[in-house]
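Please read the structure below before turning to the comments.
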2 protein chains.
Amino acid sequence: MNTAVLVNGEARDAVSSADRGFQYGDGLFETIAVRDGRPLRFARHLARLRRGAERLGIVPPSAAMLEEEARQLCKGTPRAVLKIIVTRGPGGRGYACDATAAPTRVLRLQPWRERSDDYARHGVAVRLCHARLGRNPLLAGIKHLNRLEHVLARREWSDEFAEGLMRDDTGDVIEGTMSNVFTVAAGALHTPDLSACGVEGVMRAVVLEAAAQLGLETRIGRITTDDLARAQEIFLTNSLIGIWPVIRLDRTVEGKSEAAFAPGAVTHRLQETITDD
Amino acid sequence: MNTAVLVNGEARDAVSSADRGFQYGDGLFETIAVRDGRPLRFARHLARLRRGAERLGIVPPSAAMLEEEARQLCKGTPRAVLKIIVTRGPGGRGYACDATAAPTRVLRLQPWRERSDDYARHGVAVRLCHARLGRNPLLAGIKHLNRLEHVLARREWSDEFAEGLMRDDTGDVIEGTMSNVFTVAAGALHTPDLSACGVEGVMRAVVLEAAAQLGLETRIGRITTDDLARAQEIFLTNSLIGIWPVIRLDRTVEGKSEAAFAPGAVTHRLQETITDD
């Protein structure tokens with residue numbers, strides 16, 4: 001398939017270079033799996049987009065309009081990725097916003113990136129990144145367009161790892177460049193607190209709810225790199241990959257030896273529990 | 001005048017919504033004063049752009065090409081603002097870059113924003129902002145496109161202040177939303193250390209050099225909000241405004257009373273020393 005794009009409802013790829021998304025990264029995005037013509041967990045993605053827009057003071061496009069445009073774009077597509085970008089729109093004087101400007105919405109239907117089914121079944125190798133995340137509660141949790149930290153982290157490796165894990169400036173583990181991270185230790189599920197940095201993934205919320213249903217004890221808090229190395233299981237989540245067990249953790253950046261894991265029972269139970277809906 | 005735009009050398013305003021500048025804020029910018037058809041301090045701006053590109057791993061457009069396009073755009077314009085944006089270009093798989101993609105360059109010649117000459121002569125009122133700057137040496141100093149912190153800070157007031165000052169998460173004063181900040185205290189010139197956050201302004205460097213020429217003692221380090229309030233003089237700098245004395249500092253966000261200043265002798269000497277070249 002080719003990429004299909006709607007900008008403010010029109011079939012075109014171009015945006016103005018005066019758009020604040022381009023000028024300042026002043027906006028938000030969602031990356032959504034599409035199957036059989038349908039964007040999966042669409043309501044959750046729209047809810048996160050709305051939360052982000054509230055935080056940034058952007059009036060988001062209506063859910064009905066985004067649903068209609070997504071339906072139009074995804075129709076007849078067996079498998080794809082729908083990316084939605086919403087920016088504060090064009091203009092303003094410098095950083096000051098033009099209160100009359102309408103937000104820009106871009107829907108891009110992109111080819112599904114084949115990832116080996118082996119990744120979900122047999123697990124992936126990940127590295128610890130040099131690049132850190134700055135801490136700022138103002139922007140934490142939401143999926144905004146200021147993504148240079150993640151871009152620079154992703155430049156640290158080529159294809160030898162499936163993902164890289166990022167720490168904040170205190171050394172705590174926060175997330176992967178494109179995923180959230182969970183560990184299983186002492187029978188409980190752990191995932192980093194994202195109140196100062198990191199993105200609250202839709203799949204992270206799905207996993208936390210599934211864990212509650214399964215009666216798994218869950219702790220959201222600090223995770224150090226030593227906690228990672230000592231964990232019984234580690235897995236990664238996002239809306240496109242679902243759940244990937246981690247089987248190898250490269251800690252070269254810390255001068256420490258590699259840690260190895262087997263895809264574990266808890267990871268497997270969560271994979272089984274989570275469906276496409 | 002109308003805004004004139006060159007995108008990769010062509011007279012058009014549009015960029016692709018797949019451009020990494022739009023998708024991730026993956027790029028850099030410069031904002032340059034234009035007088036009598038000539039971008040001022042152009043070599044310094046290009047040098048900073050080059051330093052930023054090195055940090056991000058972007059191959060910048062050649063200086064010769066940018067000079068030629070700037071010359072073409074600015075020709076015959078008595079007064080304007082030239083904004084140059086350079087991004088990593090389109091594409092890549094998610095955060096991973098496409099090494100073959102050429103950077104995107106956008107030159108926008110925008111109307112000069114009349115600022116009262118009174119500002120430079122009689123000084124301005126500024127506020128201390130709620131919005132903080134996250135600390136990340138990876139991105140500190142360079143003028144990259146991830147500017148949400150500054151956008152959110154600028155949303156805290158309308159026209160009642162000329163500028164807002166931002167602190168990092170430890171409470172140290174770092175910069176204005178669009179300017180660098182200096183104080184004069186105990187006969188020395190002070191300006192914040194920008195190794196963890198903030199933008200190293202071209203005018204900041206010009207002022208530091210002028211101070212050295214004048215034999216002024218200069219200290220780059222920590223500045224607290226109490227240091228600000230106790231300063232003999234405060235002034236702001238950027239390439240468009242030059243030097244603005246601060247005469248009023250609103251510290252409502254700290255629950256502290258307003259501080260007042262008179263435009264001082266050191267500020268005045270620096271204003272006199274700095275020319276357009």
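Just remember, in the structure tokens the first chain shown is A, the second B, etc., residues are 1-based per chain, and ligands are 1-based in the order shown.
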
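Neighbouring residues of A:Asn2 at 10 Å or closer, counting only C-alpha atoms and skipping chain neighbours under 3 positions away, are Val5, Leu109, Gln110 and Pro111 of chain A.
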
Proximal residues of chain B relative to chain A (only C-alpha atoms; 8 Å) as an NGL selection string: :B and (13-18 or 21-26 or 56 or 85 or 95-97 or 106 or 131-136 or 138-139 or 145-152 or 154-155 or 169 or 177-178)

Shell around B:Gly215 at 12 Å using only C-alpha atoms, local window under 5 positions removed, as number ranges by chain: B: 187-189, 208-210, 266, 269-270

Just the residues within 7 Å of A:Thr224, please, counting only C-alpha atoms, with nothing from its chain fewer than 3 positions along; format it as a JSON list (two decimals) with C-alpha atoms, in the first residue's frame.
```json
[["chain", "number", "residue", "atom", "x", "y", "z"],
["A", 171, "GLY", "CA", 19.52, 7.37, 36.26],
["A", 172, "ASP", "CA", 16.06, 5.86, 36.77],
["A", 173, "VAL", "CA", 14.70, 3.78, 33.90],
["A", 227, "ASP", "CA", 16.33, -3.58, 39.19],
["A", 228, "LEU", "CA", 16.10, -4.37, 35.48]]
```

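DSSP on the backbone gives strand (DSSP E) for these parts of stretch 39-135 of chain B: B:Pro39, B:Arg79, B:Ala80, B:Val81, B:Leu82, B:Lys83, B:Ile84, B:Ile85, B:Val86, B:Thr87, B:Thr104, B:Arg105, B:Val106, B:Leu107, B:Arg108, B:Leu109, B:Gln110, B:Pro111, B:Val124, B:Ala125, B:Val126, B:Arg127, B:Leu128, B:Cys129, B:His130, B:Ala131, B:Arg132, B:Leu133.
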
Those in stretch 89-164 of chain A with helix (DSSP H, G or I) from DSSP, as an MDAnalysis selection string: chainID A and resid 117:122 148:154

Output N, CA, C and O atoms for every residue in the selection just made, as a PDB file, in the first residue's frame.
```
ATOM      1  N   ASP A 117       6.876 -12.245  14.037  1.00  0.00           N
ATOM      2  CA  ASP A 117       6.060 -12.812  15.118  1.00  0.00           C
ATOM      3  C   ASP A 117       6.962 -13.411  16.189  1.00  0.00           C
ATOM      4  O   ASP A 117       6.565 -13.540  17.344  1.00  0.00           O
ATOM      5  N   ASP A 118       8.183 -13.754  15.765  1.00  0.00           N
ATOM      6  CA  ASP A 118       9.163 -14.279  16.726  1.00  0.00           C
ATOM      7  C   ASP A 118       9.399 -13.299  17.875  1.00  0.00           C
ATOM      8  O   ASP A 118       9.689 -13.729  18.995  1.00  0.00           O
ATOM      9  N   TYR A 119       9.308 -12.004  17.578  1.00  0.00           N
ATOM     10  CA  TYR A 119       9.583 -11.005  18.619  1.00  0.00           C
ATOM     11  C   TYR A 119       8.647 -11.185  19.809  1.00  0.00           C
ATOM     12  O   TYR A 119       9.065 -11.141  20.960  1.00  0.00           O
ATOM     13  N   ALA A 120       7.367 -11.349  19.518  1.00  0.00           N
ATOM     14  CA  ALA A 120       6.389 -11.511  20.600  1.00  0.00           C
ATOM     15  C   ALA A 120       6.544 -12.875  21.275  1.00  0.00           C
ATOM     16  O   ALA A 120       6.336 -13.008  22.477  1.00  0.00           O
ATOM     17  N   ARG A 121       6.927 -13.893  20.488  1.00  0.00           N
ATOM     18  CA  ARG A 121       7.007 -15.245  21.035  1.00  0.00           C
ATOM     19  C   ARG A 121       8.340 -15.490  21.753  1.00  0.00           C
ATOM     20  O   ARG A 121       8.368 -15.928  22.897  1.00  0.00           O
ATOM     21  N   HIS A 122       9.431 -15.168  21.066  1.00  0.00           N
ATOM     22  CA  HIS A 122      10.745 -15.554  21.593  1.00  0.00           C
ATOM     23  C   HIS A 122      11.495 -14.417  22.264  1.00  0.00           C
ATOM     24  O   HIS A 122      12.512 -14.636  22.901  1.00  0.00           O
ATOM     25  N   LEU A 148      12.946  15.050  20.203  1.00  0.00           N
ATOM     26  CA  LEU A 148      14.372  14.968  19.877  1.00  0.00           C
ATOM     27  C   LEU A 148      15.130  13.995  20.777  1.00  0.00           C
ATOM     28  O   LEU A 148      16.063  13.327  20.317  1.00  0.00           O
ATOM     29  N   GLU A 149      14.753  13.922  22.043  1.00  0.00           N
ATOM     30  CA  GLU A 149      15.459  12.989  22.938  1.00  0.00           C
ATOM     31  C   GLU A 149      15.332  11.560  22.412  1.00  0.00           C
ATOM     32  O   GLU A 149      16.299  10.790  22.419  1.00  0.00           O
ATOM     33  N   HIS A 150      14.132  11.211  21.965  1.00  0.00           N
ATOM     34  CA  HIS A 150      13.910   9.849  21.470  1.00  0.00           C
ATOM     35  C   HIS A 150      14.617   9.622  20.138  1.00  0.00           C
ATOM     36  O   HIS A 150      15.142   8.543  19.890  1.00  0.00           O
ATOM     37  N   VAL A 151      14.614  10.648  19.297  1.00  0.00           N
ATOM     38  CA  VAL A 151      15.314  10.549  18.011  1.00  0.00           C
ATOM     39  C   VAL A 151      16.811  10.314  18.253  1.00  0.00           C
ATOM     40  O   VAL A 151      17.430   9.443  17.632  1.00  0.00           O
ATOM     41  N   LEU A 152      17.394  11.081  19.177  1.00  0.00           N
ATOM     42  CA  LEU A 152      18.833  10.928  19.436  1.00  0.00           C
ATOM     43  C   LEU A 152      19.130   9.577  20.070  1.00  0.00           C
ATOM     44  O   LEU A 152      20.146   8.942  19.755  1.00  0.00           O
ATOM     45  N   ALA A 153      18.264   9.111  20.944  1.00  0.00           N
ATOM     46  CA  ALA A 153      18.456   7.780  21.537  1.00  0.00           C
ATOM     47  C   ALA A 153      18.427   6.710  20.444  1.00  0.00           C
ATOM     48  O   ALA A 153      19.272   5.812  20.416  1.00  0.00           O
ATOM     49  N   ARG A 154      17.474   6.832  19.522  1.00  0.00           N
ATOM     50  CA  ARG A 154      17.327   5.813  18.470  1.00  0.00           C
ATOM     51  C   ARG A 154      18.519   5.796  17.521  1.00  0.00           C
ATOM     52  O   ARG A 154      18.759   4.800  16.845  1.00  0.00           O
TER      53      ARG A 154
END
```

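Between B:Glu68 and the residues B:Thr183, B:Thr267, B:Arg219, B:Pro39, the shortest atom-to-atom distance, using only C-alpha atoms, involves B:Pro39.
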
Close residues, B:Gly255 itself excluded, 12 Å, only C-alpha atoms, min 4 positions apart in chain, as number ranges by chain: B: 128, 130, 225, 250-251

Could you write out the selected residues, including N, CA and C atoms, as a PDB file, in the first residue's frame?
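So out.pdb came out as:
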```pdb
ATOM      1  N   LEU B 128       8.136  36.365  36.131  1.00  0.00           N
ATOM      2  CA  LEU B 128       8.719  35.052  36.353  1.00  0.00           C
ATOM      3  C   LEU B 128       7.645  34.034  35.988  1.00  0.00           C
ATOM      4  N   HIS B 130       5.659  30.304  35.575  1.00  0.00           N
ATOM      5  CA  HIS B 130       5.439  28.994  36.207  1.00  0.00           C
ATOM      6  C   HIS B 130       6.204  27.906  35.445  1.00  0.00           C
ATOM      7  N   THR B 225      16.353  33.434  41.785  1.00  0.00           N
ATOM      8  CA  THR B 225      15.399  34.549  41.634  1.00  0.00           C
ATOM      9  C   THR B 225      15.705  35.637  42.661  1.00  0.00           C
ATOM     10  N   ASP B 250       8.065  40.888  38.007  1.00  0.00           N
ATOM     11  CA  ASP B 250       6.898  40.366  38.724  1.00  0.00           C
ATOM     12  C   ASP B 250       7.206  38.941  39.194  1.00  0.00           C
ATOM     13  N   ARG B 251       7.136  38.759  40.537  1.00  0.00           N
ATOM     14  CA  ARG B 251       7.426  37.424  41.090  1.00  0.00           C
ATOM     15  C   ARG B 251       6.182  36.821  41.752  1.00  0.00           C
TER      16      ARG B 251
END
```

A:Lys75 environment, 6 Å, only C-alpha atoms, sequence neighbours closer than 3 positions dropped, as a PyMOL selection string: chain A and resi 37+71-72

Residue neighbourhood A:Ala53, 10 Å, only C-alpha atoms, exclusion window fewer than 5 positions, as a compact mmCIF listing (two decimals) with all heavy atoms, in the first residue's frame:
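The file below, result.txt, is the result:
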```
# COMPACT_ATOMS: atom_id res chain seq x y z
N GLY A 27 2.40 20.47 19.27
CA GLY A 27 1.26 19.61 18.97
C GLY A 27 1.43 18.23 19.57
O GLY A 27 2.32 17.99 20.41
N LEU A 28 0.60 17.31 19.11
CA LEU A 28 0.49 15.97 19.70
C LEU A 28 0.36 14.94 18.60
O LEU A 28 0.00 15.28 17.48
CB LEU A 28 -0.78 15.92 20.55
CG LEU A 28 -0.84 16.91 21.71
CD1 LEU A 28 -2.28 17.25 22.03
CD2 LEU A 28 -0.11 16.34 22.92
N ALA A 47 -8.94 9.61 23.53
CA ALA A 47 -8.99 10.14 24.90
C ALA A 47 -7.62 10.68 25.31
O ALA A 47 -7.51 11.73 25.94
CB ALA A 47 -9.45 9.04 25.87
N ARG A 48 -6.56 9.95 24.95
CA ARG A 48 -5.22 10.45 25.29
C ARG A 48 -4.91 11.74 24.53
O ARG A 48 -4.33 12.68 25.08
CB ARG A 48 -4.13 9.42 25.01
CG ARG A 48 -2.75 9.98 25.37
CD ARG A 48 -1.63 8.99 25.23
NE ARG A 48 -1.55 8.47 23.87
CZ ARG A 48 -0.67 7.59 23.47
NH1 ARG A 48 0.21 7.11 24.33
NH2 ARG A 48 -0.65 7.17 22.22
N ILE A 58 -4.67 23.31 23.55
CA ILE A 58 -5.10 23.24 22.15
C ILE A 58 -6.54 22.72 22.13
O ILE A 58 -6.86 21.79 22.86
CB ILE A 58 -4.18 22.26 21.35
CG1 ILE A 58 -2.76 22.84 21.25
CG2 ILE A 58 -4.76 21.97 19.97
CD1 ILE A 58 -1.75 21.90 20.60
N VAL A 59 -7.40 23.34 21.33
CA VAL A 59 -8.77 22.81 21.19
C VAL A 59 -8.72 21.68 20.17
O VAL A 59 -8.46 21.93 18.98
CB VAL A 59 -9.74 23.90 20.72
CG1 VAL A 59 -11.16 23.34 20.61
CG2 VAL A 59 -9.71 25.09 21.67
N PRO A 60 -8.91 20.44 20.59
CA PRO A 60 -8.73 19.33 19.65
C PRO A 60 -9.88 19.24 18.66
O PRO A 60 -10.98 19.69 18.96
CB PRO A 60 -8.70 18.10 20.56
CG PRO A 60 -9.53 18.50 21.76
CD PRO A 60 -9.36 19.98 21.93
N PRO A 61 -9.64 18.67 17.48
CA PRO A 61 -10.73 18.42 16.54
C PRO A 61 -11.75 17.49 17.21
O PRO A 61 -11.37 16.70 18.08
CB PRO A 61 -10.05 17.71 15.37
CG PRO A 61 -8.59 17.88 15.57
CD PRO A 61 -8.35 18.13 17.00
N VAL A 86 -2.02 16.36 15.62
CA VAL A 86 -2.82 17.57 15.82
C VAL A 86 -1.89 18.66 16.33
O VAL A 86 -1.19 18.46 17.34
CB VAL A 86 -3.96 17.33 16.83
CG1 VAL A 86 -4.65 18.65 17.19
CG2 VAL A 86 -4.98 16.34 16.27
N THR A 87 -1.83 19.79 15.62
CA THR A 87 -0.97 20.90 16.07
C THR A 87 -1.83 22.12 16.42
O THR A 87 -3.02 22.14 16.13
CB THR A 87 0.04 21.33 14.99
OG1 THR A 87 -0.62 22.18 14.04
CG2 THR A 87 0.65 20.14 14.28
N ARG A 88 -1.18 23.11 17.02
CA ARG A 88 -1.91 24.33 17.38
C ARG A 88 -2.27 25.16 16.14
O ARG A 88 -2.95 26.17 16.25
CB ARG A 88 -1.08 25.17 18.36
CG ARG A 88 -1.90 26.13 19.22
CD ARG A 88 -1.02 26.99 20.10
NE ARG A 88 -0.16 26.24 21.00
CZ ARG A 88 -0.53 25.80 22.20
NH1 ARG A 88 -1.72 26.05 22.65
NH2 ARG A 88 0.32 25.09 22.94
N ILE A 142 2.19 12.95 28.22
CA ILE A 142 1.48 13.17 26.96
C ILE A 142 2.38 12.88 25.75
O ILE A 142 3.60 12.90 25.86
CB ILE A 142 0.88 14.59 26.87
CG1 ILE A 142 1.97 15.66 26.87
CG2 ILE A 142 -0.08 14.82 28.03
CD1 ILE A 142 1.43 17.08 26.71
N LYS A 143 1.74 12.62 24.62
CA LYS A 143 2.48 12.23 23.42
C LYS A 143 2.61 13.46 22.52
O LYS A 143 1.94 13.58 21.49
CB LYS A 143 1.73 11.10 22.71
CG LYS A 143 2.61 10.20 21.86
CD LYS A 143 1.85 8.93 21.47
CE LYS A 143 2.58 8.14 20.40
NZ LYS A 143 3.72 7.37 20.92
N HIS A 144 3.48 14.39 22.95
CA HIS A 144 3.65 15.64 22.22
C HIS A 144 4.70 15.49 21.13
O HIS A 144 5.36 14.45 21.02
CB HIS A 144 4.00 16.76 23.20
CG HIS A 144 5.23 16.47 24.01
ND1 HIS A 144 6.48 16.43 23.45
CD2 HIS A 144 5.38 16.15 25.33
CE1 HIS A 144 7.36 16.14 24.39
NE2 HIS A 144 6.72 15.95 25.54
```

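Taking atom CA of A:Pro192 and atom CA of A:Glu175 as the two end points, the separation is 7.4 Å.
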
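Picture a line from atom CA of A:Glu30 to atom CA of B:Gly92; it runs 17.1 Å.
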